[in-house]
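Asks: Contents are PDB, C-alpha atoms, pLDDT in the B column; file name start-v9.pdb:
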```pdb
ATOM      1  CA  MET A  40       1.584   1.905  61.610  1.00 53.00           C
ATOM      2  CA  GLU A  41      -0.883  -0.858  60.875  1.00 57.00           C
ATOM      3  CA  ARG A  42      -3.223   1.673  59.318  1.00 70.00           C
ATOM      4  CA  GLY A  43      -0.568   2.722  56.772  1.00 77.00           C
ATOM      5  CA  TRP A  44       0.116  -0.893  55.899  1.00 76.00           C
ATOM      6  CA  ARG A  45      -3.570  -1.561  55.175  1.00 79.00           C
ATOM      7  CA  ARG A  46      -3.801   1.522  53.021  1.00 80.00           C
ATOM      8  CA  GLN A  47      -0.800   0.370  50.961  1.00 80.00           C
ATOM      9  CA  ALA A  48      -2.310  -3.115  50.622  1.00 79.00           C
ATOM     10  CA  LYS A  49      -5.568  -1.658  49.303  1.00 79.00           C
ATOM     11  CA  ARG A  50      -3.755   0.753  47.034  1.00 81.00           C
ATOM     12  CA  TYR A  51      -1.646  -1.914  45.296  1.00 84.00           C
ATOM     13  CA  GLY A  52      -3.670  -5.044  46.004  1.00 85.00           C
ATOM     14  CA  ALA A  53      -6.875  -4.048  44.232  1.00 83.00           C
ATOM     15  CA  PRO A  54      -5.248  -3.275  40.829  1.00 85.00           C
ATOM     16  CA  ALA A  55      -3.093  -6.405  41.104  1.00 86.00           C
ATOM     17  CA  ALA A  56      -6.179  -8.544  41.792  1.00 87.00           C
ATOM     18  CA  PHE A  57      -7.998  -6.934  38.867  1.00 88.00           C
ATOM     19  CA  LEU A  58      -5.100  -7.599  36.486  1.00 87.00           C
ATOM     20  CA  LEU A  59      -4.871 -11.190  37.692  1.00 89.00           C
ATOM     21  CA  ALA A  60      -8.604 -11.717  37.066  1.00 89.00           C
ATOM     22  CA  VAL A  61      -8.403 -10.198  33.574  1.00 90.00           C
ATOM     23  CA  THR A  62      -5.358 -12.333  32.725  1.00 91.00           C
ATOM     24  CA  ILE A  63      -7.116 -15.516  33.830  1.00 90.00           C
ATOM     25  CA  GLY A  64     -10.181 -14.536  31.800  1.00 87.00           C
ATOM     26  CA  VAL A  65      -8.114 -13.915  28.663  1.00 87.00           C
ATOM     27  CA  LEU A  66      -6.297 -17.229  29.059  1.00 87.00           C
ATOM     28  CA  LEU A  67      -9.595 -19.103  29.446  1.00 86.00           C
ATOM     29  CA  VAL A  68     -11.070 -17.458  26.350  1.00 84.00           C
ATOM     30  CA  ARG A  69      -7.929 -18.169  24.301  1.00 82.00           C
ATOM     31  CA  SER A  70      -7.871 -21.824  25.353  1.00 80.00           C
ATOM     32  CA  GLY A  71     -11.539 -22.130  24.384  1.00 78.00           C
ATOM     33  CA  LEU A  72     -10.873 -20.633  20.963  1.00 77.00           C
ATOM     34  CA  GLN A  73      -7.847 -22.847  20.319  1.00 73.00           C
ATOM     35  CA  SER A  74      -9.503 -26.131  21.235  1.00 64.00           C
ATOM     36  CA  ASP A  75      -9.535 -28.827  18.562  1.00 59.00           C
ATOM     37  CA  PRO A  76     -13.073 -29.262  17.176  1.00 59.00           C
ATOM     38  CA  ALA A  77     -12.286 -32.751  15.796  1.00 58.00           C
ATOM     39  CA  PRO A  78     -13.839 -35.594  17.828  1.00 59.00           C
ATOM     40  CA  ALA A  79     -11.558 -37.940  19.743  1.00 59.00           C
ATOM     41  CA  GLY A  80     -10.141 -40.778  17.702  1.00 61.00           C
ATOM     42  CA  THR A  81      -9.964 -38.896  14.396  1.00 63.00           C
ATOM     43  CA  VAL A  82      -6.814 -37.612  12.811  1.00 64.00           C
ATOM     44  CA  ALA A  83      -6.806 -34.214  11.180  1.00 64.00           C
ATOM     45  CA  THR A  84      -4.813 -33.954   7.955  1.00 68.00           C
ATOM     46  CA  GLN A  85      -3.595 -30.889   6.193  1.00 71.00           C
ATOM     47  CA  THR A  86      -2.650 -30.517   2.544  1.00 73.00           C
ATOM     48  CA  VAL A  87       0.178 -28.207   1.608  1.00 70.00           C
ATOM     49  CA  ALA A  88       0.475 -26.830  -1.882  1.00 69.00           C
ATOM     50  CA  THR A  89       3.968 -26.752  -3.311  1.00 71.00           C
ATOM     51  CA  LEU A  90       5.071 -23.865  -5.455  1.00 66.00           C
ATOM     52  CA  PRO A  91       7.108 -24.406  -8.600  1.00 71.00           C
ATOM     53  CA  ALA A  92      10.778 -23.527  -8.306  1.00 68.00           C
ATOM     54  CA  THR A  93      11.445 -20.066  -9.687  1.00 71.00           C
ATOM     55  CA  THR A  94      14.563 -18.092 -10.236  1.00 71.00           C
ATOM     56  CA  PRO A  95      14.900 -14.922  -8.186  1.00 72.00           C
ATOM     57  CA  VAL A  96      13.950 -11.745 -10.009  1.00 67.00           C
ATOM     58  CA  PRO A  97      16.763  -9.197  -9.957  1.00 73.00           C
ATOM     59  CA  VAL A  98      15.884  -5.960  -8.242  1.00 73.00           C
ATOM     60  CA  LYS A  99      16.121  -2.919 -10.494  1.00 76.00           C
ATOM     61  CA  ARG A 100      18.440  -0.331  -9.016  1.00 84.00           C
ATOM     62  CA  ARG A 101      17.332   3.235  -9.088  1.00 85.00           C
ATOM     63  CA  ARG A 102      19.508   5.490 -11.193  1.00 90.00           C
ATOM     64  CA  PHE A 103      19.838   9.198 -10.699  1.00 93.00           C
ATOM     65  CA  TYR A 104      21.373  12.000 -12.746  1.00 94.00           C
ATOM     66  CA  ARG A 105      22.565  15.425 -11.573  1.00 95.00           C
ATOM     67  CA  LEU A 106      21.496  18.257 -13.842  1.00 94.00           C
ATOM     68  CA  LYS A 107      24.150  20.455 -15.386  1.00 93.00           C
ATOM     69  CA  ALA A 108      23.830  24.102 -16.355  1.00 93.00           C
ATOM     70  CA  GLY A 109      21.424  24.650 -19.252  1.00 91.00           C
ATOM     71  CA  GLU A 110      19.992  21.108 -19.264  1.00 92.00           C
ATOM     72  CA  THR A 111      16.291  20.420 -19.505  1.00 91.00           C
ATOM     73  CA  LEU A 112      14.281  17.281 -18.846  1.00 91.00           C
ATOM     74  CA  SER A 113      14.110  16.666 -22.586  1.00 92.00           C
ATOM     75  CA  ASP A 114      17.933  16.662 -22.745  1.00 93.00           C
ATOM     76  CA  VAL A 115      18.027  14.088 -19.932  1.00 93.00           C
ATOM     77  CA  ALA A 116      15.317  12.033 -21.642  1.00 93.00           C
ATOM     78  CA  VAL A 117      17.331  11.900 -24.875  1.00 94.00           C
ATOM     79  CA  LYS A 118      20.517  11.054 -22.974  1.00 93.00           C
ATOM     80  CA  PHE A 119      18.878   8.087 -21.188  1.00 93.00           C
ATOM     81  CA  ASP A 120      16.601   6.967 -24.065  1.00 93.00           C
ATOM     82  CA  THR A 121      13.324   7.703 -22.289  1.00 92.00           C
ATOM     83  CA  THR A 122      10.537  10.293 -22.443  1.00 92.00           C
ATOM     84  CA  VAL A 123       9.862  13.433 -20.448  1.00 92.00           C
ATOM     85  CA  GLU A 124       6.565  11.898 -19.276  1.00 93.00           C
ATOM     86  CA  GLN A 125       8.407   8.889 -17.817  1.00 93.00           C
ATOM     87  CA  LEU A 126      10.860  11.202 -16.060  1.00 92.00           C
ATOM     88  CA  LEU A 127       7.991  13.212 -14.584  1.00 92.00           C
ATOM     89  CA  ALA A 128       6.331   9.978 -13.408  1.00 93.00           C
ATOM     90  CA  LEU A 129       9.578   8.916 -11.687  1.00 92.00           C
ATOM     91  CA  ASN A 130      10.027  12.391 -10.160  1.00 91.00           C
ATOM     92  CA  PRO A 131       6.619  13.612  -8.968  1.00 90.00           C
ATOM     93  CA  GLY A 132       8.074  16.570  -7.058  1.00 89.00           C
ATOM     94  CA  VAL A 133      10.132  17.954  -9.947  1.00 89.00           C
ATOM     95  CA  GLU A 134       8.791  21.048 -11.643  1.00 89.00           C
ATOM     96  CA  PRO A 135      10.062  21.035 -15.275  1.00 87.00           C
ATOM     97  CA  THR A 136      10.082  24.849 -15.468  1.00 88.00           C
ATOM     98  CA  ASN A 137      12.002  25.277 -12.197  1.00 90.00           C
ATOM     99  CA  LEU A 138      15.078  23.043 -12.503  1.00 91.00           C
ATOM    100  CA  ILE A 139      18.227  23.772 -10.480  1.00 91.00           C
ATOM    101  CA  VAL A 140      21.827  23.030 -11.417  1.00 94.00           C
ATOM    102  CA  GLY A 141      22.972  19.959  -9.460  1.00 93.00           C
ATOM    103  CA  GLN A 142      19.424  18.747  -8.818  1.00 93.00           C
ATOM    104  CA  ARG A 143      19.076  14.940  -8.656  1.00 93.00           C
ATOM    105  CA  VAL A 144      16.628  13.481 -11.149  1.00 93.00           C
ATOM    106  CA  ARG A 145      15.664   9.815 -11.129  1.00 92.00           C
ATOM    107  CA  VAL A 146      16.087   8.323 -14.607  1.00 91.00           C
ATOM    108  CA  LYS A 147      15.392   4.590 -14.013  1.00 86.00           C
TER     109      LYS A 147
END
```
What does this structure look like when you write it as structure tokens?
Replies:
Amino acid sequence: MERGWRRQAKRYGAPAAFLLAVTIGVLLVRSGLQSDPAPAGTVATQTVATLPATTPVPVKRRRFYRLKAGETLSDVAVKFDTTVEQLLALNPGVEPTNLIVGQRVRVK
């Protein structure tokens, strides 16, 4: 029975000891990196820049339009006072020659 106990201790003890050693090493390195380089007796000061007060910029909501039978992108562009090029830029996956009735098109 003692033999099984020793085997279990080796099996779980060695990885636990390794993890403990690595953890101690990491903590020592971190404490060395975070040490204050200023000599004793000096006071470190920090300047903070202040930003001017600004008003929040309203977020533009996306607007979509569902195509009706017989409509083209130029019809939608006229309806929403924009260009076909702008509609194509807003809808990169839309093929202007393959429009479907009920398809959602982003207009703003």
Asks: Do you know which residues the PyMOL selection byres ((chain A and resi 107) around 10) returns on this file, as a tab-separated table (two decimals) with C-alpha atoms, in the coordinates of the input?
Replies:
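Output saved as selection-v4.tsv:
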```
chain	number	residue	atom	x	y	z
A	104	TYR	CA	21.37	12.00	-12.75
A	105	ARG	CA	22.56	15.42	-11.57
A	106	LEU	CA	21.50	18.26	-13.84
A	108	ALA	CA	23.83	24.10	-16.36
A	109	GLY	CA	21.42	24.65	-19.25
A	110	GLU	CA	19.99	21.11	-19.26
A	111	THR	CA	16.29	20.42	-19.50
A	115	VAL	CA	18.03	14.09	-19.93
A	138	LEU	CA	15.08	23.04	-12.50
A	139	ILE	CA	18.23	23.77	-10.48
A	140	VAL	CA	21.83	23.03	-11.42
A	141	GLY	CA	22.97	19.96	-9.46
A	142	GLN	CA	19.42	18.75	-8.82
```
Asks: Between atom CA of A:Leu112 and atom CA of A:Pro135, what is the spacing in Å?
Replies: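 For atom CA of A:Pro135 relative to atom CA of A:Leu112, the distance reads 6.7 Å.
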Asks: Could you tell me which residues the PyMOL selection byres ((chain A and resi 101) around 9) grabs in this file, written as a list in words?
Replies: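 Matching residues under the PyMOL selection byres ((chain A and resi 101) around 9) are Lys99, Arg100, Arg102, Phe103, Arg145, Val146 and Lys147 of chain A.
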Asks: Report the distance between atom CA of A:Ala55 and atom CA of A:Gln73 in Å, rounded to one decimal place.
Replies: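 Atom CA of A:Ala55 sits 26.9 Å away from atom CA of A:Gln73.
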Asks: Would you list the residues near (11.2, 9.7, -16.6) (no more than 10 Å away, in the coordinates of the file, using only C-alpha atoms) as a PyMOL selection string?
Replies: chain A and resi 112-113+115-116+119-131+144-147
Asks: Quick check, in Å to one decimal: how far apart do atom CA of A:Gly132 and atom CA of A:Val117 lie?
Replies: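 Computing the Euclidean distance for atom CA of A:Gly132 and atom CA of A:Val117 yields 20.6 Å.
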